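Asks: My structure is stored as start_17.cif, with mmCIF, N, CA and C atoms.
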```
data_entry
#
loop_
_atom_site.label_atom_id
_atom_site.label_comp_id
_atom_site.auth_asym_id
_atom_site.auth_seq_id
_atom_site.Cartn_x
_atom_site.Cartn_y
_atom_site.Cartn_z
N MET A 1 -16.64 -8.06 -0.32
CA MET A 1 -16.23 -7.65 -1.65
C MET A 1 -15.19 -8.64 -2.17
N ASP A 2 -15.35 -9.07 -3.40
CA ASP A 2 -14.43 -10.06 -3.95
C ASP A 2 -13.17 -9.39 -4.52
N LEU A 3 -12.08 -10.17 -4.57
CA LEU A 3 -10.78 -9.66 -5.02
C LEU A 3 -10.80 -9.17 -6.46
N GLN A 4 -11.55 -9.83 -7.31
CA GLN A 4 -11.60 -9.43 -8.71
C GLN A 4 -12.16 -8.01 -8.84
N THR A 5 -13.20 -7.69 -8.10
CA THR A 5 -13.79 -6.35 -8.14
C THR A 5 -12.83 -5.32 -7.56
N VAL A 6 -12.19 -5.65 -6.44
CA VAL A 6 -11.24 -4.72 -5.81
C VAL A 6 -10.09 -4.44 -6.77
N ASN A 7 -9.52 -5.48 -7.39
CA ASN A 7 -8.41 -5.27 -8.33
C ASN A 7 -8.86 -4.52 -9.58
N ALA A 8 -10.10 -4.71 -10.00
CA ALA A 8 -10.62 -3.93 -11.13
C ALA A 8 -10.71 -2.45 -10.75
N ASN A 9 -11.14 -2.17 -9.52
CA ASN A 9 -11.18 -0.78 -9.05
C ASN A 9 -9.78 -0.19 -8.94
N VAL A 10 -8.82 -0.98 -8.48
CA VAL A 10 -7.43 -0.53 -8.38
C VAL A 10 -6.91 -0.14 -9.76
N SER A 11 -7.24 -0.92 -10.78
CA SER A 11 -6.74 -0.65 -12.12
C SER A 11 -7.33 0.62 -12.73
N ARG A 12 -8.39 1.16 -12.14
CA ARG A 12 -8.99 2.40 -12.65
C ARG A 12 -8.27 3.66 -12.16
N VAL A 13 -7.43 3.52 -11.14
CA VAL A 13 -6.72 4.67 -10.57
C VAL A 13 -5.36 4.77 -11.25
N PRO A 14 -5.08 5.86 -11.99
CA PRO A 14 -3.82 5.96 -12.74
C PRO A 14 -2.56 5.74 -11.91
N PHE A 15 -2.48 6.35 -10.71
CA PHE A 15 -1.27 6.18 -9.91
C PHE A 15 -1.14 4.75 -9.41
N PHE A 16 -2.25 4.10 -9.11
CA PHE A 16 -2.20 2.71 -8.69
C PHE A 16 -1.68 1.85 -9.84
N ARG A 17 -2.06 2.17 -11.07
CA ARG A 17 -1.54 1.45 -12.24
C ARG A 17 -0.03 1.68 -12.38
N PHE A 18 0.41 2.91 -12.11
CA PHE A 18 1.84 3.21 -12.16
C PHE A 18 2.61 2.36 -11.16
N LEU A 19 2.06 2.21 -9.96
CA LEU A 19 2.73 1.41 -8.93
C LEU A 19 2.75 -0.07 -9.31
N ASN A 20 1.75 -0.52 -10.06
CA ASN A 20 1.67 -1.90 -10.54
C ASN A 20 1.61 -2.90 -9.39
N PHE A 21 0.55 -2.82 -8.60
CA PHE A 21 0.37 -3.77 -7.51
C PHE A 21 -0.97 -4.47 -7.63
N GLU A 22 -1.10 -5.55 -6.88
CA GLU A 22 -2.33 -6.34 -6.89
C GLU A 22 -2.74 -6.64 -5.45
N VAL A 23 -4.03 -6.58 -5.20
CA VAL A 23 -4.56 -6.92 -3.88
C VAL A 23 -4.63 -8.44 -3.80
N GLN A 24 -4.02 -9.00 -2.76
CA GLN A 24 -3.99 -10.45 -2.57
C GLN A 24 -5.11 -10.95 -1.66
N GLU A 25 -5.46 -10.10 -0.67
CA GLU A 25 -6.49 -10.46 0.30
C GLU A 25 -7.10 -9.17 0.83
N VAL A 26 -8.40 -9.19 1.08
CA VAL A 26 -9.06 -7.99 1.60
C VAL A 26 -10.30 -8.40 2.39
N ASP A 27 -10.54 -7.66 3.49
CA ASP A 27 -11.81 -7.76 4.20
C ASP A 27 -12.16 -6.36 4.67
N SER A 28 -13.11 -6.21 5.55
CA SER A 28 -13.58 -4.87 5.91
C SER A 28 -12.57 -4.04 6.68
N LEU A 29 -11.55 -4.65 7.29
CA LEU A 29 -10.58 -3.89 8.09
C LEU A 29 -9.12 -4.25 7.79
N ARG A 30 -8.88 -4.91 6.66
CA ARG A 30 -7.51 -5.34 6.35
C ARG A 30 -7.33 -5.51 4.85
N ALA A 31 -6.10 -5.26 4.39
CA ALA A 31 -5.76 -5.50 2.98
C ALA A 31 -4.31 -5.98 2.90
N ASP A 32 -4.07 -6.98 2.07
CA ASP A 32 -2.72 -7.47 1.77
C ASP A 32 -2.48 -7.26 0.27
N THR A 33 -1.32 -6.70 -0.06
CA THR A 33 -1.01 -6.40 -1.46
C THR A 33 0.40 -6.86 -1.81
N GLU A 34 0.64 -6.97 -3.13
CA GLU A 34 1.96 -7.31 -3.65
C GLU A 34 2.27 -6.40 -4.83
N MET A 35 3.45 -5.78 -4.80
CA MET A 35 3.87 -4.90 -5.89
C MET A 35 5.04 -5.55 -6.64
N THR A 36 4.91 -5.62 -7.94
CA THR A 36 5.95 -6.16 -8.81
C THR A 36 7.03 -5.09 -9.00
N PHE A 37 8.29 -5.52 -8.95
CA PHE A 37 9.40 -4.58 -9.15
C PHE A 37 9.43 -4.09 -10.59
N GLU A 38 9.59 -2.80 -10.76
CA GLU A 38 9.72 -2.17 -12.08
C GLU A 38 10.93 -1.23 -12.02
N SER A 39 11.59 -1.03 -13.13
CA SER A 39 12.75 -0.14 -13.14
C SER A 39 12.38 1.29 -12.76
N ARG A 40 11.14 1.70 -13.01
CA ARG A 40 10.71 3.06 -12.64
C ARG A 40 10.57 3.23 -11.13
N HIS A 41 10.63 2.15 -10.35
CA HIS A 41 10.54 2.21 -8.89
C HIS A 41 11.90 2.43 -8.23
N ILE A 42 12.96 2.44 -9.03
CA ILE A 42 14.32 2.52 -8.50
C ILE A 42 14.62 3.93 -8.00
N GLY A 43 15.17 4.00 -6.79
CA GLY A 43 15.64 5.26 -6.23
C GLY A 43 17.15 5.35 -6.30
N ASN A 44 17.84 4.24 -6.15
CA ASN A 44 19.29 4.18 -6.24
C ASN A 44 19.65 3.23 -7.38
N PRO A 45 20.03 3.79 -8.56
CA PRO A 45 20.29 2.94 -9.72
C PRO A 45 21.53 2.05 -9.59
N VAL A 46 22.48 2.45 -8.75
CA VAL A 46 23.69 1.64 -8.58
C VAL A 46 23.37 0.36 -7.83
N LEU A 47 22.61 0.48 -6.75
CA LEU A 47 22.27 -0.68 -5.93
C LEU A 47 20.91 -1.29 -6.27
N GLU A 48 20.18 -0.64 -7.16
CA GLU A 48 18.83 -1.06 -7.55
C GLU A 48 17.92 -1.22 -6.34
N LEU A 49 17.81 -0.13 -5.58
CA LEU A 49 16.94 -0.10 -4.41
C LEU A 49 15.68 0.69 -4.73
N TYR A 50 14.57 0.29 -4.12
CA TYR A 50 13.32 1.02 -4.28
C TYR A 50 13.49 2.45 -3.76
N HIS A 51 12.82 3.38 -4.40
CA HIS A 51 12.75 4.76 -3.93
C HIS A 51 11.82 4.79 -2.71
N GLY A 52 12.20 5.55 -1.69
CA GLY A 52 11.38 5.62 -0.48
C GLY A 52 9.97 6.13 -0.74
N GLY A 53 9.82 7.04 -1.68
CA GLY A 53 8.50 7.56 -2.01
C GLY A 53 7.60 6.51 -2.63
N ILE A 54 8.19 5.60 -3.39
CA ILE A 54 7.42 4.50 -3.98
C ILE A 54 6.92 3.57 -2.88
N ILE A 55 7.79 3.29 -1.91
CA ILE A 55 7.40 2.42 -0.79
C ILE A 55 6.27 3.06 0.00
N ALA A 56 6.42 4.34 0.34
CA ALA A 56 5.39 5.05 1.11
C ALA A 56 4.07 5.14 0.33
N SER A 57 4.15 5.36 -0.97
CA SER A 57 2.94 5.44 -1.80
C SER A 57 2.24 4.09 -1.89
N PHE A 58 3.02 3.04 -2.04
CA PHE A 58 2.46 1.68 -2.08
C PHE A 58 1.77 1.36 -0.75
N MET A 59 2.39 1.72 0.35
CA MET A 59 1.80 1.48 1.66
C MET A 59 0.53 2.32 1.84
N GLU A 60 0.54 3.55 1.36
CA GLU A 60 -0.64 4.41 1.44
C GLU A 60 -1.79 3.83 0.62
N ALA A 61 -1.50 3.34 -0.56
CA ALA A 61 -2.53 2.73 -1.40
C ALA A 61 -3.13 1.51 -0.71
N THR A 62 -2.29 0.70 -0.09
CA THR A 62 -2.76 -0.48 0.63
C THR A 62 -3.65 -0.06 1.80
N ALA A 63 -3.23 0.98 2.52
CA ALA A 63 -4.02 1.48 3.65
C ALA A 63 -5.37 2.01 3.18
N ALA A 64 -5.38 2.74 2.06
CA ALA A 64 -6.63 3.30 1.53
C ALA A 64 -7.61 2.19 1.15
N ILE A 65 -7.09 1.10 0.62
CA ILE A 65 -7.95 -0.03 0.25
C ILE A 65 -8.50 -0.71 1.51
N ALA A 66 -7.67 -0.81 2.55
CA ALA A 66 -8.14 -1.41 3.81
C ALA A 66 -9.28 -0.59 4.41
N VAL A 67 -9.19 0.75 4.29
CA VAL A 67 -10.21 1.63 4.85
C VAL A 67 -11.50 1.56 4.05
N HIS A 68 -11.36 1.54 2.73
CA HIS A 68 -12.55 1.62 1.86
C HIS A 68 -12.37 0.70 0.65
N PRO A 69 -12.47 -0.62 0.84
CA PRO A 69 -12.20 -1.55 -0.27
C PRO A 69 -13.20 -1.48 -1.41
N GLU A 70 -14.38 -0.95 -1.18
CA GLU A 70 -15.40 -0.93 -2.23
C GLU A 70 -15.41 0.37 -3.03
N PHE A 71 -14.31 1.15 -2.96
CA PHE A 71 -14.27 2.39 -3.75
C PHE A 71 -14.43 2.07 -5.23
N ALA A 72 -15.08 2.98 -5.93
CA ALA A 72 -15.29 2.76 -7.37
C ALA A 72 -14.31 3.57 -8.21
N GLU A 73 -14.07 4.83 -7.84
CA GLU A 73 -13.16 5.66 -8.62
C GLU A 73 -12.15 6.40 -7.76
N VAL A 74 -12.57 6.88 -6.60
CA VAL A 74 -11.69 7.69 -5.76
C VAL A 74 -11.44 6.96 -4.45
N PRO A 75 -10.18 6.62 -4.15
CA PRO A 75 -9.88 5.95 -2.88
C PRO A 75 -10.00 6.93 -1.71
N ALA A 76 -9.88 6.41 -0.48
CA ALA A 76 -9.95 7.23 0.72
C ALA A 76 -8.90 8.34 0.67
N LYS A 77 -9.20 9.49 1.32
CA LYS A 77 -8.32 10.65 1.27
C LYS A 77 -7.38 10.69 2.48
N PRO A 78 -6.07 10.59 2.24
CA PRO A 78 -5.12 10.65 3.36
C PRO A 78 -5.00 12.07 3.90
N ILE A 79 -4.90 12.18 5.22
CA ILE A 79 -4.72 13.51 5.82
C ILE A 79 -3.42 13.60 6.61
N ASN A 80 -2.82 12.45 6.93
CA ASN A 80 -1.57 12.46 7.68
C ASN A 80 -0.91 11.09 7.53
N LEU A 81 0.42 11.08 7.51
CA LEU A 81 1.12 9.80 7.46
C LEU A 81 2.49 9.93 8.10
N THR A 82 2.93 8.81 8.66
CA THR A 82 4.27 8.69 9.22
C THR A 82 4.83 7.37 8.74
N VAL A 83 6.01 7.40 8.15
CA VAL A 83 6.64 6.17 7.66
C VAL A 83 8.02 6.05 8.28
N ASP A 84 8.32 4.89 8.81
CA ASP A 84 9.65 4.58 9.33
C ASP A 84 10.29 3.58 8.38
N TYR A 85 11.42 3.96 7.79
CA TYR A 85 12.16 3.06 6.89
C TYR A 85 13.14 2.27 7.74
N LEU A 86 13.04 0.96 7.69
CA LEU A 86 13.81 0.11 8.59
C LEU A 86 15.02 -0.55 7.94
N ARG A 87 14.92 -0.81 6.64
CA ARG A 87 16.05 -1.41 5.90
C ARG A 87 15.81 -1.17 4.41
N PRO A 88 16.86 -1.26 3.60
CA PRO A 88 16.69 -1.04 2.16
C PRO A 88 15.80 -2.10 1.52
N ALA A 89 15.03 -1.67 0.54
CA ALA A 89 14.20 -2.59 -0.24
C ALA A 89 14.91 -2.82 -1.57
N THR A 90 15.34 -4.04 -1.80
CA THR A 90 16.11 -4.38 -2.99
C THR A 90 15.21 -4.86 -4.12
N ARG A 91 15.81 -5.10 -5.26
CA ARG A 91 15.08 -5.59 -6.44
C ARG A 91 14.28 -6.83 -6.06
N GLY A 92 13.02 -6.86 -6.49
CA GLY A 92 12.14 -7.99 -6.20
C GLY A 92 10.78 -7.51 -5.76
N PRO A 93 9.86 -8.43 -5.54
CA PRO A 93 8.51 -8.03 -5.13
C PRO A 93 8.51 -7.41 -3.74
N LEU A 94 7.53 -6.54 -3.53
CA LEU A 94 7.34 -5.87 -2.24
C LEU A 94 5.93 -6.17 -1.78
N PHE A 95 5.78 -6.51 -0.52
CA PHE A 95 4.48 -6.86 0.04
C PHE A 95 4.08 -5.84 1.09
N ALA A 96 2.78 -5.67 1.30
CA ALA A 96 2.29 -4.77 2.34
C ALA A 96 1.03 -5.35 2.96
N CYS A 97 0.87 -5.09 4.24
CA CYS A 97 -0.33 -5.51 4.96
C CYS A 97 -0.81 -4.30 5.77
N ALA A 98 -2.06 -3.92 5.55
CA ALA A 98 -2.65 -2.77 6.25
C ALA A 98 -3.77 -3.26 7.16
N ASN A 99 -3.75 -2.78 8.40
CA ASN A 99 -4.79 -3.10 9.38
C ASN A 99 -5.41 -1.82 9.89
N VAL A 100 -6.71 -1.71 9.78
CA VAL A 100 -7.42 -0.54 10.30
C VAL A 100 -7.47 -0.69 11.81
N THR A 101 -6.83 0.23 12.52
CA THR A 101 -6.80 0.15 13.98
C THR A 101 -7.96 0.90 14.62
N ARG A 102 -8.47 1.91 13.94
CA ARG A 102 -9.65 2.63 14.42
C ARG A 102 -10.36 3.25 13.23
N LYS A 103 -11.67 3.09 13.20
CA LYS A 103 -12.46 3.66 12.12
C LYS A 103 -13.70 4.29 12.74
N GLY A 104 -13.69 5.61 12.78
CA GLY A 104 -14.82 6.34 13.32
C GLY A 104 -15.73 6.85 12.22
N LYS A 105 -16.52 7.87 12.55
CA LYS A 105 -17.42 8.45 11.55
C LYS A 105 -16.69 9.35 10.57
N ARG A 106 -15.60 9.99 11.04
CA ARG A 106 -14.92 10.97 10.19
C ARG A 106 -13.48 10.63 9.86
N ILE A 107 -12.81 9.87 10.72
CA ILE A 107 -11.39 9.58 10.53
C ILE A 107 -11.11 8.10 10.77
N ALA A 108 -10.18 7.57 9.98
CA ALA A 108 -9.72 6.19 10.17
C ALA A 108 -8.21 6.21 10.37
N SER A 109 -7.73 5.33 11.23
CA SER A 109 -6.30 5.18 11.49
C SER A 109 -5.89 3.77 11.04
N VAL A 110 -4.79 3.70 10.28
CA VAL A 110 -4.37 2.43 9.69
C VAL A 110 -2.87 2.22 9.92
N SER A 111 -2.50 1.04 10.41
CA SER A 111 -1.08 0.69 10.51
C SER A 111 -0.73 -0.22 9.34
N VAL A 112 0.46 0.00 8.78
CA VAL A 112 0.89 -0.76 7.59
C VAL A 112 2.33 -1.21 7.79
N ILE A 113 2.61 -2.43 7.38
CA ILE A 113 4.00 -2.89 7.31
C ILE A 113 4.27 -3.34 5.88
N SER A 114 5.52 -3.22 5.47
CA SER A 114 5.94 -3.63 4.14
C SER A 114 7.21 -4.45 4.28
N TRP A 115 7.30 -5.54 3.51
CA TRP A 115 8.45 -6.43 3.60
C TRP A 115 8.72 -7.05 2.23
N GLN A 116 9.84 -7.77 2.16
CA GLN A 116 10.17 -8.45 0.91
C GLN A 116 10.22 -9.96 1.08
N THR A 117 11.23 -10.48 1.74
CA THR A 117 11.37 -11.93 1.83
C THR A 117 10.71 -12.52 3.07
N ALA A 118 10.69 -11.77 4.16
CA ALA A 118 10.11 -12.28 5.41
C ALA A 118 9.34 -11.17 6.11
N ARG A 119 8.13 -11.47 6.48
CA ARG A 119 7.28 -10.49 7.17
C ARG A 119 7.92 -10.04 8.49
N GLU A 120 8.72 -10.90 9.08
CA GLU A 120 9.40 -10.57 10.34
C GLU A 120 10.54 -9.57 10.14
N LYS A 121 10.88 -9.29 8.88
CA LYS A 121 11.95 -8.33 8.56
C LYS A 121 11.37 -7.23 7.68
N PRO A 122 10.56 -6.34 8.25
CA PRO A 122 9.94 -5.30 7.43
C PRO A 122 10.95 -4.29 6.90
N VAL A 123 10.68 -3.77 5.70
CA VAL A 123 11.51 -2.71 5.14
C VAL A 123 10.99 -1.35 5.60
N ALA A 124 9.69 -1.29 5.91
CA ALA A 124 9.10 -0.03 6.39
C ALA A 124 7.82 -0.34 7.16
N GLU A 125 7.48 0.57 8.06
CA GLU A 125 6.21 0.51 8.75
C GLU A 125 5.66 1.92 8.82
N GLY A 126 4.35 2.02 8.81
CA GLY A 126 3.76 3.35 8.79
C GLY A 126 2.43 3.42 9.48
N LEU A 127 2.05 4.65 9.81
CA LEU A 127 0.74 4.95 10.38
C LEU A 127 0.10 6.00 9.49
N TYR A 128 -1.10 5.70 9.00
CA TYR A 128 -1.81 6.57 8.06
C TYR A 128 -3.16 6.95 8.65
N HIS A 129 -3.56 8.20 8.43
CA HIS A 129 -4.88 8.67 8.84
C HIS A 129 -5.63 9.14 7.59
N PHE A 130 -6.91 8.76 7.52
CA PHE A 130 -7.74 9.09 6.36
C PHE A 130 -9.00 9.82 6.80
N LEU A 131 -9.41 10.77 5.96
CA LEU A 131 -10.67 11.46 6.15
C LEU A 131 -11.76 10.64 5.48
N LEU A 132 -12.78 10.32 6.22
CA LEU A 132 -13.90 9.56 5.67
C LEU A 132 -14.99 10.53 5.30
N VAL A 133 -15.31 10.63 4.03
CA VAL A 133 -16.36 11.58 3.57
C VAL A 133 -17.47 10.85 2.88
#
```
Would you encode the structure as structure tokens?

Replies:
Amino acid sequence: MDLQTVNANVSRVPFFRFLNFEVQEVDSLRADTEMTFESRHIGNPVLELYHGGIIASFMEATAAIAVHPEFAEVPAKPINLTVDYLRPATRGPLFACANVTRKGKRIASVSVISWQTAREKPVAEGLYHFLLV
């Protein structure tokens, strides 16, 4: 699946549009994305830090695309998630990389990391499970 089609599908999902991210790379078991900083993403207005829910949602969206990149209208359905916040995410772009670690007939497991300036210094990492229907 080509990036233009995947990004067109992303733009059809209202919450994905709210997050304002773009898929940079995708294959059948992996997705890399970049989210542009917006003032509506701020959780701490004094320090201008991303809200934790925005980070987790961005990571979930990236994981859903890794599981099912050819979705047309409805992305994969999450059934469970765990997110570990490792450091504050400051003003600036946020990146995420999702790798499908297991994909069966009914459930997929995806690990995701999110970072800003260096992939070796993640701001969060998570494990997501999706129901495949």

Asks: Point out the residue among A:Lys105, A:Arg119, A:Lys77, A:His41 with the least atom-to-atom distance to Gly92 (chain A), counting only C-alpha atoms.

Replies: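 Checking each of A:Lys105, A:Arg119, A:Lys77, A:His41 against Gly92 (chain A), counting only C-alpha atoms, the winner is A:His41.
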
Asks: How many Å lie between atom C of Tyr128 (chain A) and atom N of Ala31 (chain A), rounded to one decimal?

Replies: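 It comes out at 13.3 Å.
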
Asks: Contacts of Gly52 (chain A) at 7 Å or less, counting all atoms listed in the file, minus same-chain residues fewer than 3 places along, as a list of chain:residue names?

Replies: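 Contacts, with the query itself left out: A:Ile42, A:Gly43, A:Leu49, A:Ile55, A:Ala56, A:Ser57.
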
Asks: Which residues are near Val6 (chain A)? Cut-off 10 Å, only C-alpha atoms, ignore same chain within fewer than 2 positions. Put them as number ranges by chain.

Replies: A: 1-4, 8-11, 22-26, 65, 69-72

Asks: Here is a test: counting only C-alpha atoms, which residue of A:Thr90, A:Thr33, A:Gln116, A:Asn44 is nearest to Met59 (chain A)?

Replies: A:Thr33

Asks: Could you check how far CA of Leu94 (chain A) sits from CA of Val110 (chain A), in Å to one decimal?

Replies: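 Between CA of Leu94 (chain A) and CA of Val110 (chain A) the gap works out to 18.7 Å.
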
Asks: List every residue of chain A that DSSP, applied to the backbone of this structure, places in strand (DSSP E), and write the result as an MDAnalysis selection string.

Replies: chainID A and resid 21:27 30:35 42:44 49:50 77:85 94:103 107:115 122:131

Asks: I need the residue nearest Phe95 (chain A) from this list: A:Ala108, A:Ala124, A:Ile54, A:Ile113. Use all atoms listed in the file for the distance.

Replies: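 The shortest atom-to-atom distance to Phe95 (chain A) comes from A:Ile113.
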
Asks: From a DSSP calculation on the backbone, collect every residue of chain A in alpha helix (DSSP H) and output the set as a PyMOL selection string.

Replies: chain A and resi 3-11+14-19+52-67

Asks: So that I can check the surroundings of Ile79 (chain A), please list as a PDB file with N, CA and C atoms, keeping the file's coordinate frame every protein, DNA and RNA residue that reaches within 9 Å of it, counting only C-alpha atoms and ignoring chain neighbours fewer than 5 positions away.

Replies:
```pdb
ATOM      1  N   TYR A 128      -1.100   5.700   9.000  1.00  0.00           N
ATOM      2  CA  TYR A 128      -1.810   6.570   8.060  1.00  0.00           C
ATOM      3  C   TYR A 128      -3.160   6.950   8.650  1.00  0.00           C
ATOM      4  N   HIS A 129      -3.560   8.200   8.430  1.00  0.00           N
ATOM      5  CA  HIS A 129      -4.880   8.670   8.840  1.00  0.00           C
ATOM      6  C   HIS A 129      -5.630   9.140   7.590  1.00  0.00           C
ATOM      7  N   PHE A 130      -6.910   8.760   7.520  1.00  0.00           N
ATOM      8  CA  PHE A 130      -7.740   9.090   6.360  1.00  0.00           C
ATOM      9  C   PHE A 130      -9.000   9.820   6.800  1.00  0.00           C
ATOM     10  N   LEU A 131      -9.410  10.770   5.960  1.00  0.00           N
ATOM     11  CA  LEU A 131     -10.670  11.460   6.150  1.00  0.00           C
ATOM     12  C   LEU A 131     -11.760  10.640   5.480  1.00  0.00           C
TER      13      LEU A 131
END
```

Asks: What is the distance between CA of Val13 (chain A) and CA of Ser111 (chain A), in Å to one decimal?

Replies: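 If I compute the distance from CA of Val13 (chain A) to CA of Ser111 (chain A), I get 22.2 Å.
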
Asks: I want to know what sits within 10 Å of Leu29 (chain A), based on only C-alpha atoms, with residues of the same chain fewer than 4 positions away left out; could you give that as number ranges by chain?

Replies: A: 63, 65-69, 98-103, 110

Asks: Please determine, counting only N, CA and C atoms, which residue among A:Val123, A:Val46, A:Val112, A:Ala64 has the shortest atom-to-atom distance to Cys97 (chain A).

Replies: A:Val112

Asks: At a cut-off of 7 Å, using all atoms listed in the file, what residues contact Pro122 (chain A)? Leave out same-chain residues fewer than 3 positions from it and give the result as number ranges by chain.

Replies: A: 85-87, 113-116, 118-119, 125

Asks: Box time for region 57-71 of chain A: axis-aligned, enclosing all its listed atoms, 6 Å extra on each side; report centre and edge lengths in Å to one decimal, as JSON.

Replies:
```
{"center_x": -5.6, "center_y": 1.9, "center_z": -0.2, "size_x": 31.6, "size_y": 19.0, "size_z": 22.1}
```

Asks: Using only N, CA and C atoms for the distances, tell me which of A:Pro75, A:Thr62, A:Pro14, A:Tyr50 is nearest to Asp32 (chain A).

Replies: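 Ranked by minimum distance to Asp32 (chain A), first place goes to A:Thr62.
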